[in-house]
file data33.txt (compact mmCIF, C-alpha atoms)
# COMPACT_ATOMS: atom_id res chain seq x y z
CA MET A 6 11.70 52.76 36.32
CA VAL A 7 11.53 56.38 35.13
CA GLN A 8 8.80 57.18 32.59
CA VAL A 9 10.44 59.38 29.94
CA ASN A 10 7.34 59.99 27.80
CA VAL A 11 5.14 61.67 30.39
CA PRO A 12 3.39 64.66 28.76
CA GLN A 13 4.64 68.01 30.02
CA ASP A 14 2.38 71.05 30.04
CA LYS A 15 3.32 73.91 27.73
CA ARG A 16 5.85 71.86 25.78
CA VAL A 17 5.45 71.81 22.01
CA LEU A 18 7.08 69.86 19.20
CA SER A 19 7.35 72.24 16.23
CA ILE A 20 7.98 70.49 12.89
CA GLN A 21 8.77 73.13 10.28
CA SER A 22 11.45 74.51 7.99
CA HIS A 23 14.49 76.34 9.36
CA VAL A 24 16.79 78.97 7.94
CA VAL A 25 20.15 80.28 9.11
CA SER A 26 19.36 83.86 8.12
CA GLY A 27 15.92 85.49 8.17
CA TRP A 28 12.70 84.70 9.96
CA VAL A 29 10.55 81.90 8.53
CA GLY A 30 9.46 78.43 9.67
CA ASN A 31 10.84 77.36 13.03
CA LYS A 32 13.11 80.40 13.09
CA ALA A 33 9.99 82.59 13.07
CA ALA A 34 7.78 80.36 15.21
CA THR A 35 10.08 79.40 18.09
CA PHE A 36 10.94 82.75 19.63
CA PRO A 37 7.35 83.98 20.16
CA MET A 38 6.42 80.69 21.83
CA GLN A 39 9.50 80.73 24.06
CA LEU A 40 8.84 84.32 25.01
CA LEU A 41 5.36 83.26 26.09
CA GLY A 42 6.80 80.58 28.36
CA TRP A 43 6.83 77.50 26.14
CA GLU A 44 9.42 74.75 25.90
CA VAL A 45 9.92 74.36 22.15
CA ASP A 46 11.36 71.14 20.71
CA GLN A 47 12.28 71.80 17.07
CA ALA A 48 12.45 69.36 14.17
CA ASN A 49 13.61 71.28 11.12
CA THR A 50 12.19 69.65 8.00
CA VAL A 51 14.62 71.14 5.48
CA GLU A 52 17.73 70.50 7.58
CA PHE A 53 17.15 67.30 9.52
CA SER A 54 15.09 64.15 9.14
CA ASN A 55 12.53 63.38 11.84
CA HIS A 56 14.38 62.04 14.85
CA THR A 57 11.62 61.26 17.31
CA THR A 58 13.27 58.87 19.76
CA ASN A 59 12.71 57.60 23.23
CA GLY A 60 12.28 60.51 25.61
CA LEU A 61 11.13 63.03 22.99
CA LEU A 62 7.41 62.28 23.11
CA ARG A 63 6.54 64.41 26.13
CA GLN A 64 4.64 67.21 24.45
CA SER A 65 1.25 68.56 25.47
CA HIS A 66 1.00 70.50 22.19
CA LEU A 67 2.11 70.01 18.58
CA LEU A 68 2.62 72.62 15.85
CA THR A 69 3.42 71.71 12.25
CA GLY A 70 4.11 74.04 9.34
CA TYR A 71 6.04 73.88 6.08
CA VAL A 72 6.73 70.29 5.02
CA PRO A 73 7.70 70.23 1.33
CA GLY A 74 7.18 66.58 0.35
CA ALA A 75 4.85 63.64 0.85
CA ASP A 76 7.38 61.32 2.53
CA ALA A 77 8.19 63.87 5.23
CA LEU A 78 4.52 64.68 5.76
CA LEU A 79 3.71 61.01 6.24
CA VAL A 80 6.34 60.97 9.01
CA VAL A 81 4.53 63.95 10.56
CA SER A 82 1.25 62.02 10.41
CA ARG A 83 2.78 59.03 12.17
CA THR A 84 4.28 61.38 14.77
CA VAL A 85 0.83 62.80 15.50
CA ASP A 86 -0.47 59.26 16.05
CA ARG A 87 2.42 58.40 18.38
CA LEU A 88 1.94 61.58 20.42
CA ARG A 89 -1.82 61.00 20.71
CA ALA A 90 -1.27 57.42 21.80
CA ILE A 91 0.79 58.76 24.72
CA ASN A 92 -1.32 61.86 25.34
CA PRO A 93 -4.92 61.66 24.04
CA ALA A 94 -5.42 65.28 25.18
CA LEU A 95 -2.72 66.53 22.78
CA THR A 96 -3.52 69.93 21.26
CA TYR A 97 -2.42 69.91 17.62
CA VAL A 98 -2.31 73.18 15.64
CA LEU A 99 -1.86 72.39 11.95
CA ASP A 100 -0.65 75.09 9.57
CA PRO A 101 -1.20 73.38 6.19
CA VAL A 102 1.46 75.31 4.27
CA MET A 103 0.90 74.61 0.59
CA GLY A 104 0.90 77.94 -1.23
CA ASP A 105 -0.47 81.45 -1.48
CA ASP A 106 -2.01 83.85 -4.00
CA GLY A 107 -3.10 81.01 -6.28
CA ARG A 108 0.33 79.33 -6.42
CA ILE A 109 1.28 75.98 -4.90
CA TYR A 110 4.90 75.87 -3.71
CA VAL A 111 5.03 72.30 -2.38
CA SER A 112 4.62 68.96 -4.12
CA GLU A 113 0.95 68.45 -5.03
CA SER A 114 1.31 64.97 -3.51
CA VAL A 115 1.05 66.55 -0.04
CA ILE A 116 -2.51 67.80 -0.59
CA PRO A 117 -4.29 64.48 0.11
CA ILE A 118 -2.00 63.90 3.10
CA TYR A 119 -2.89 67.30 4.52
CA LYS A 120 -6.55 66.41 4.06
CA SER A 121 -6.02 63.23 6.08
CA LEU A 122 -4.18 65.22 8.76
CA MET A 123 -7.05 67.67 9.19
CA SER A 124 -9.15 65.16 11.11
CA LYS A 125 -6.24 64.62 13.53
CA ALA A 126 -5.81 68.34 14.30
CA THR A 127 -7.35 70.42 17.06
CA CYS A 128 -7.11 73.61 15.03
CA ALA A 129 -5.98 74.49 11.51
CA THR A 130 -4.61 77.88 10.43
CA PRO A 131 -4.70 77.95 6.61
CA ASN A 132 -4.48 81.08 4.51
CA TYR A 133 -7.35 81.69 2.10
CA PHE A 134 -5.71 79.75 -0.79
CA GLU A 135 -4.98 76.73 1.40
CA ALA A 136 -8.55 76.88 2.74
CA GLU A 137 -9.80 76.73 -0.85
CA LEU A 138 -7.59 73.70 -1.62
CA LEU A 139 -8.83 71.85 1.47
CA THR A 140 -12.54 72.66 1.13
CA ASP A 141 -12.94 72.95 -2.66
CA VAL A 142 -14.74 76.23 -1.99
CA LYS A 143 -13.63 79.36 -3.85
CA ILE A 144 -13.78 82.15 -1.26
CA LEU A 145 -15.15 85.18 -3.08
CA ASP A 146 -17.69 86.71 -0.70
CA ASP A 147 -19.44 86.36 2.65
CA ALA A 148 -21.53 83.34 1.59
CA SER A 149 -18.56 81.34 0.29
CA LEU A 150 -16.52 82.23 3.40
CA ARG A 151 -19.29 80.87 5.63
CA LEU A 152 -19.46 77.74 3.46
CA ALA A 153 -15.69 77.18 3.60
CA LEU A 154 -15.63 77.44 7.41
CA ARG A 155 -18.55 75.05 7.77
CA THR A 156 -17.00 72.62 5.25
CA PHE A 157 -13.91 72.28 7.46
CA HIS A 158 -16.10 71.04 10.30
CA GLU A 159 -18.41 68.86 8.19
CA ARG A 160 -15.69 67.25 6.08
CA TYR A 161 -12.94 66.81 8.66
CA ASN A 162 -14.72 67.10 12.03
CA ILE A 163 -11.95 69.48 13.09
CA PRO A 164 -12.98 71.36 16.27
CA HIS A 165 -11.47 74.74 15.35
CA VAL A 166 -10.24 76.56 12.26
CA ILE A 167 -8.83 80.02 11.69
CA ILE A 168 -8.33 81.33 8.15
CA SER A 169 -5.47 83.73 8.80
CA ALA A 170 -6.33 86.32 6.15
CA VAL A 171 -8.86 86.49 3.36
CA SER A 172 -9.64 89.35 0.98
CA ILE A 173 -13.32 89.76 0.13
CA PRO A 174 -15.22 92.86 -1.01
CA THR A 175 -16.10 95.42 1.64
CA SER A 176 -19.74 94.81 0.73
CA SER A 177 -19.24 91.24 1.95
CA LEU A 178 -17.57 92.49 5.14
CA ALA A 179 -20.63 94.69 5.65
CA ALA A 180 -22.94 91.71 5.03
CA LEU A 181 -21.09 89.79 7.73
CA GLY A 182 -21.39 92.77 10.06
CA VAL A 183 -17.62 93.09 10.51
CA LEU A 184 -16.85 96.20 8.43
CA PRO A 185 -15.26 98.75 10.78
CA ALA A 186 -17.09 102.05 11.21
CA GLY A 187 -15.78 104.76 8.93
CA VAL A 188 -14.39 102.45 6.25
CA PRO A 189 -15.80 103.53 2.86
CA ALA A 190 -17.84 100.90 1.04
CA GLY A 191 -15.43 100.95 -1.90
CA ASP A 192 -12.25 100.60 0.16
CA ALA A 193 -10.68 97.24 -0.77
CA ARG A 194 -7.66 97.49 1.55
CA MET A 195 -9.10 95.37 4.35
CA LEU A 196 -8.31 91.75 5.19
CA LEU A 197 -10.32 89.45 7.42
CA CYS A 198 -9.12 86.82 9.85
CA ALA A 199 -12.04 84.38 10.13
CA GLY A 200 -12.46 81.64 12.70
CA SER A 201 -14.96 78.97 13.67
CA SER A 202 -15.43 76.47 16.51
CA ILE A 203 -17.76 73.50 16.84
CA THR A 204 -20.15 74.06 19.74
CA SER A 205 -22.40 71.00 19.36
CA ALA A 206 -21.89 67.76 21.25
CA PRO A 207 -20.53 64.71 19.37
CA GLY A 208 -23.35 63.06 17.41
CA ALA A 209 -25.64 66.08 17.64
CA PRO A 210 -26.53 68.29 14.65
CA LEU A 211 -23.58 70.56 13.84
CA THR A 212 -23.60 74.00 15.40
CA THR A 213 -20.71 76.45 15.30
CA THR A 214 -19.59 79.85 16.53
CA THR A 215 -17.93 81.96 13.84
CA PHE A 216 -16.21 85.32 13.98
CA GLY A 217 -14.12 87.71 11.95
CA ILE A 218 -11.39 90.21 12.76
CA PRO A 219 -10.96 92.90 10.07
CA PHE A 220 -7.59 94.62 9.79
CA PRO A 221 -5.89 96.83 7.18
CA GLU A 222 -3.92 95.29 4.33
CA LEU A 223 -0.33 96.51 3.98
CA ASN A 224 1.38 97.32 0.69
CA GLU A 225 4.54 95.44 1.62
CA HIS A 226 5.14 91.68 1.56
CA TYR A 227 6.66 90.19 4.72
CA GLU A 228 8.07 86.65 4.79
CA GLY A 229 7.22 84.39 7.73
CA VAL A 230 4.00 86.14 8.79
CA GLY A 231 1.94 82.95 8.57
CA ASP A 232 4.54 81.04 10.58
CA VAL A 233 4.46 83.64 13.35
CA PHE A 234 0.66 83.67 13.30
CA SER A 235 0.32 79.91 13.75
CA SER A 236 2.88 79.95 16.56
CA LEU A 237 0.95 82.69 18.35
CA VAL A 238 -2.30 80.76 17.92
CA LEU A 239 -0.72 77.72 19.55
CA ALA A 240 0.90 79.69 22.37
CA ARG A 241 -2.38 81.50 23.08
CA PHE A 242 -4.63 78.49 22.45
CA PRO A 243 -7.46 78.14 24.98
CA PRO A 244 -6.57 75.72 27.79
CA ARG A 245 -8.94 72.83 28.40
CA VAL A 246 -9.59 74.22 31.87
CA PRO A 247 -10.04 78.02 31.68
CA ALA A 248 -7.96 80.08 34.09
CA ALA A 249 -10.00 81.38 37.00
CA ASP A 250 -8.62 84.91 36.64
CA VAL A 251 -9.46 85.27 32.91
CA GLU A 252 -12.86 86.72 32.04
CA PRO A 253 -14.64 84.63 29.36
CA HIS A 254 -14.62 86.15 25.89
CA SER A 255 -18.02 87.39 24.70
CA ILE A 256 -17.82 85.29 21.51
CA SER A 257 -15.60 82.26 22.12
CA PRO A 258 -12.22 81.27 23.58
CA LEU A 259 -10.89 80.91 20.01
CA ALA A 260 -11.88 84.51 19.26
CA ARG A 261 -9.71 85.67 22.16
CA THR A 262 -6.82 83.58 20.82
CA ALA A 263 -7.17 85.14 17.36
CA GLU A 264 -7.42 88.68 18.77
CA LEU A 265 -4.20 88.22 20.73
CA ALA A 266 -2.42 86.67 17.72
CA ILE A 267 -3.52 89.47 15.39
CA GLY A 268 -2.61 92.10 17.98
CA SER A 269 0.91 90.73 18.40
CA LEU A 270 1.38 90.33 14.66
CA GLN A 271 0.26 93.88 13.93
CA GLY A 272 2.74 95.15 16.51
CA ILE A 273 5.56 93.10 14.97
CA LEU A 274 4.71 94.40 11.50
CA ALA A 275 4.61 97.99 12.72
CA HIS A 276 8.13 97.62 14.18
CA THR A 277 9.31 95.92 11.01
CA ARG A 278 7.89 98.59 8.70
CA GLU A 279 9.31 101.39 10.82
CA HIS A 280 12.79 99.85 10.66
CA ALA A 281 12.48 99.12 6.93
CA LEU A 282 11.57 102.75 6.21
CA LEU A 283 14.58 103.84 8.24
CA LEU A 284 16.82 101.65 6.07
CA ALA A 285 15.08 102.93 2.94
CA LYS A 286 15.61 106.55 4.07
CA GLY A 287 11.86 107.11 4.23
CA ARG A 288 11.11 105.90 0.70
CA ALA A 289 8.06 103.64 1.04
CA ASP A 290 8.29 102.56 -2.60
CA VAL A 291 11.66 100.89 -1.96
CA ILE A 292 10.15 98.29 0.39
CA VAL A 293 7.22 97.39 -1.89
CA ALA A 294 7.58 94.57 -4.46
CA LYS A 295 7.62 95.76 -8.06
CA GLU A 296 6.73 94.00 -11.30
CA GLY A 297 9.89 92.90 -13.09
CA GLU A 298 11.96 93.16 -9.92
CA GLY A 299 15.48 91.75 -10.36
CA ALA A 300 16.96 89.06 -8.12
CA GLU A 301 19.38 91.40 -6.35
CA GLU A 302 16.71 94.04 -5.86
CA ARG A 303 14.35 91.43 -4.41
CA VAL A 304 16.97 90.14 -1.97
CA ARG A 305 17.77 93.70 -0.90
CA ARG A 306 14.08 94.48 -0.33
CA LEU A 307 13.41 91.26 1.61
CA ARG A 308 16.36 91.93 3.88
CA MET A 309 14.95 95.34 4.72
CA VAL A 310 11.56 93.87 5.66
CA GLU A 311 12.79 90.89 7.71
CA LEU A 312 10.52 90.55 10.72
CA ARG A 313 11.73 92.38 13.83
CA LEU A 314 10.73 89.61 16.21
CA VAL A 315 13.37 90.05 18.87
CA GLN A 316 12.68 93.78 18.96
CA SER A 317 8.94 93.15 19.42
CA GLN A 318 8.97 91.38 22.76
CA LYS A 319 6.46 93.75 24.34
CA GLU A 320 4.05 93.33 21.44
CA ILE A 321 4.29 89.55 21.66
CA LEU A 322 3.82 89.43 25.42
CA ASP A 323 1.29 92.24 25.83
CA PRO A 324 -0.31 93.12 22.49
CA VAL A 325 -2.48 96.16 21.94
CA LEU A 326 -5.85 94.83 20.76
CA THR A 327 -6.80 97.41 18.17
CA TYR A 328 -8.71 94.91 16.03
CA ARG A 329 -11.51 93.01 17.73
CA ALA A 330 -13.50 89.91 16.81
CA VAL A 331 -17.09 90.28 15.65
CA GLN A 332 -19.46 87.31 15.60
CA PHE A 333 -21.26 86.50 12.38
call {"tool": "encode", "arguments": {"input": "data33.txt", "output": "C-alpha cells"}}
result
Amino acid sequence: MVQVNVPQDKRVLSIQSHVVSGWVGNKAATFPMQLLGWEVDQANTVEFSNHTTNGLLRQSHLLTGYVPGADALLVVSRTVDRLRAINPALTYVLDPVMGDDGRIYVSESVIPIYKSLMSKATCATPNYFEAELLTDVKILDDASLRLALRTFHERYNIPHVIISAVSIPTSSLAALGVLPAGVPAGDARMLLCAGSSITSAPGAPLTTTTFGIPFPELNEHYEGVGDVFSSLVLARFPPRVPAADVEPHSISPLARTAELAIGSLQGILAHTREHALLLAKGRADVIVAKEGEGAEERVRRLRMVELRLVQSQKEILDPVLTYRAVQF
C-alpha cells in the first residue's frame, strides 16, 4: 500500500490570502519560494475554504499568513496539529498578520488564537505592532525591544522570532550597538529587523542569542512586503542539519536567514521604486501617500508601487548583503 502522507523535503503548505491582481498574501509569497526551489501548496484563505485531504499532508514546512477570522484560524491550528502528527520535525513559520501602525485589520477574536498558535510555531515573523499585541510590551526603545524578544520565548517557548521592522530612536540603536557608522544621532529614518533564538537546552535556564539588522526607512508604502519577508524567512530557514559547504554564521543561523531575507527584500524594493519613478516621470512625491488622498489617487499610487517580484529574480536568488546582523 502506497503511503501518501510521507513528508517531502522542501515542500511547504502556505495558508494565506490571495488576490487576482497585485502582490500580497500567497500571490506575494509563492513566487520567491518557488524560485528558491520549493514546492508550494497553496490554500487561499479569502478564496477557498481549507481543503486538506488525503495525500495533501506531505509537507516538511508550513507557512501561514493573513487569516481574517477566528473560524478559519482554528482550522489552521488543527492543520498544524495534523501535520505535526505526521511529521514531528515540521518547521512552522508563523506570520501573525493582525495589523500595523497601531491599527488592527482582522477580527479581534483571532488574537487569543494567534497566542495559542505561537507555542506550535518554530519561528514567528511579526511586525512591531503585532509583537506588541502578542507580548503586551510597548516597543519604544532598546530595553523594551529586548524585553519583547525575551517575552516571546518565556511566554510561548517559541524557538525563534524575528520582528520584521521596528522603529526606535537612533539613541536606542546606538545603545544596542547596531547603529551604522556615519548615521547622525538625530536621524530617525532607520528601521531595525530584530531576531532572537533560544540557545539553552530544554529545562535549563533560558539563554538566547539576539541580533539586529538596521536598514533605511523608505518614504513610500509598499503592499505585500511582510508577506514576501515571511516567505523568504521560510525558504532560507536554517536546515536541521547544516550544509557542509556553508560556513557557520558568526552570530547564529537565524541571523544568516534574516540577512538573506532583508537583502532580497531591499533588492525587490529598489527595483519596484525605480519602476514606480519611471511611471511617475521622476516625481517622487507622486508615489508617496498623502494625507486626504482620494480613492482613485490611492489606487493609482498603489498600482505604481506594486512589487516587482518577477523582475527581481536575481535579487531573490543571490541577494547583495548590504545590511548585516549585529549581535546585542
call {"tool": "closest_atom_pairs", "arguments": {"input": "data33.txt", "of": "region 154-249 of chain A", "to": "region 67-76 of chain A", "cutoff": "8 Å", "atoms": "all atoms listed in the file", "output": "tab-separated table"}}
result
residue	atom	partner	partner_atom	distance
A:Asp232	CA	A:Gly70	CA	7.1
A:Ser235	CA	A:Leu68	CA	7.9
A:Ser236	CA	A:Leu68	CA	7.4
A:Leu239	CA	A:Leu68	CA	7.1
call {"tool": "residues_around", "arguments": {"input": "data33.txt", "residues": "Met123 (chain A)", "least_positions_apart": "3", "cutoff": "9 Å", "atoms": "only C-alpha atoms", "output": "ChimeraX atom specification"}}
result
/A:99,101,118-120,126-129,139,157,161-163
call {"tool": "write_last_selection", "arguments": {"input": "data33.txt", "atoms": "C-alpha atoms", "output": "PDB file, keeping the file's coordinate frame"}}
result
ATOM      1  CA  LEU A  99      -1.860  72.390  11.950  1.00  0.00           C
ATOM      2  CA  PRO A 101      -1.200  73.380   6.190  1.00  0.00           C
ATOM      3  CA  ILE A 118      -2.000  63.900   3.100  1.00  0.00           C
ATOM      4  CA  TYR A 119      -2.890  67.300   4.520  1.00  0.00           C
ATOM      5  CA  LYS A 120      -6.550  66.410   4.060  1.00  0.00           C
ATOM      6  CA  ALA A 126      -5.810  68.340  14.300  1.00  0.00           C
ATOM      7  CA  THR A 127      -7.350  70.420  17.060  1.00  0.00           C
ATOM      8  CA  CYS A 128      -7.110  73.610  15.030  1.00  0.00           C
ATOM      9  CA  ALA A 129      -5.980  74.490  11.510  1.00  0.00           C
ATOM     10  CA  LEU A 139      -8.830  71.850   1.470  1.00  0.00           C
ATOM     11  CA  PHE A 157     -13.910  72.280   7.460  1.00  0.00           C
ATOM     12  CA  TYR A 161     -12.940  66.810   8.660  1.00  0.00           C
ATOM     13  CA  ASN A 162     -14.720  67.100  12.030  1.00  0.00           C
ATOM     14  CA  ILE A 163     -11.950  69.480  13.090  1.00  0.00           C
TER      15      ILE A 163
END
call {"tool": "residues_around", "arguments": {"input": "data33.txt", "residues": "Phe216 (chain A)", "least_positions_apart": "4", "cutoff": "10 Å", "atoms": "only C-alpha atoms", "output": "list in words"}}
result
Arg151, Ile167, Leu181, Gly182, Val183, Leu197, Cys198, Ala199, Gly200, Ser201, Ser202, Ile256, Ser257, Leu259, Ala260, Ala263, Arg329, Ala330, Val331, Gln332 and Phe333 of chain A
call {"tool": "atom_distance", "arguments": {"input": "data33.txt", "atom1": "CA of Ala300 (chain A)", "atom2": "CA of Lys286 (chain A)"}}
result
21.4 Å
call {"tool": "atom_distance", "arguments": {"input": "data33.txt", "atom1": "CA of Gln64 (chain A)", "atom2": "CA of Leu95 (chain A)"}}
result
7.6 Å
call {"tool": "atom_distance", "arguments": {"input": "data33.txt", "atom1": "CA of Ile292 (chain A)", "atom2": "CA of Asp100 (chain A)"}}
result
27.2 Å
call {"tool": "closest_residue", "arguments": {"input": "data33.txt", "among": "A:Asp106, A:Glu44, A:Glu228, A:Glu311", "to": "Phe134 (chain A)", "atoms": "only C-alpha atoms"}}
result
A:Asp106
call {"tool": "residues_around", "arguments": {"input": "data33.txt", "residues": "Met38 (chain A)", "least_positions_apart": "5", "cutoff": "12 Å", "atoms": "all atoms listed in the file", "output": "number ranges by chain"}}
result
A: 15-19, 31-33, 43-47, 66-68, 232-242, 266, 269, 314, 318, 321-322
call {"tool": "axis_aligned_box", "arguments": {"input": "data33.txt", "around": "region 311-329 of chain A", "padding_each_side": "5 Å", "output": "AutoDock Vina command-line options"}}
result
--center_x 0.9 --center_y 93.4 --center_z 16.8 --size_x 34.9 --size_y 18.0 --size_z 28.1
call {"tool": "closest_residue", "arguments": {"input": "data33.txt", "among": "A:Trp28, A:Tyr110, A:Leu270, A:Asp14", "to": "Leu307 (chain A)", "atoms": "all atoms listed in the file"}}
result
A:Trp28
call {"tool": "closest_residue", "arguments": {"input": "data33.txt", "among": "A:Ser149, A:Ser22, A:Asn224, A:Thr204", "to": "Ser177 (chain A)", "atoms": "only C-alpha atoms"}}
result
A:Ser149
call {"tool": "residues_around", "arguments": {"input": "data33.txt", "residues": "Met195 (chain A)", "least_positions_apart": "5", "cutoff": "10 Å", "atoms": "all atoms listed in the file", "output": "VMD selection string"}}
result
chain A and resid 170 to 175 178 184 to 185 188 219 to 223
call {"tool": "write_last_selection", "arguments": {"input": "data33.txt", "atoms": "C-alpha atoms", "output": "compact mmCIF listing (two decimals), keeping the file's coordinate frame"}}
result
# COMPACT_ATOMS: atom_id res chain seq x y z
CA ALA A 170 -6.33 86.32 6.15
CA VAL A 171 -8.86 86.49 3.36
CA SER A 172 -9.64 89.35 0.98
CA ILE A 173 -13.32 89.76 0.13
CA PRO A 174 -15.22 92.86 -1.01
CA THR A 175 -16.10 95.42 1.64
CA LEU A 178 -17.57 92.49 5.14
CA LEU A 184 -16.85 96.20 8.43
CA PRO A 185 -15.26 98.75 10.78
CA VAL A 188 -14.39 102.45 6.25
CA PRO A 219 -10.96 92.90 10.07
CA PHE A 220 -7.59 94.62 9.79
CA PRO A 221 -5.89 96.83 7.18
CA GLU A 222 -3.92 95.29 4.33
CA LEU A 223 -0.33 96.51 3.98
call {"tool": "closest_residue", "arguments": {"input": "data33.txt", "among": "A:Pro247, A:Glu159, A:Gly187, A:Glu252", "to": "Thr212 (chain A)", "atoms": "only C-alpha atoms"}}
result
A:Glu159
call {"tool": "closest_residue", "arguments": {"input": "data33.txt", "among": "A:Leu62, A:Ala77, A:Val293, A:Val111", "to": "Thr50 (chain A)", "atoms": "all atoms listed in the file"}}
result
A:Ala77
call {"tool": "closest_residue", "arguments": {"input": "data33.txt", "among": "A:Glu225, A:Leu122, A:Thr262, A:Gly208", "to": "Glu279 (chain A)", "atoms": "all atoms listed in the file"}}
result
A:Glu225
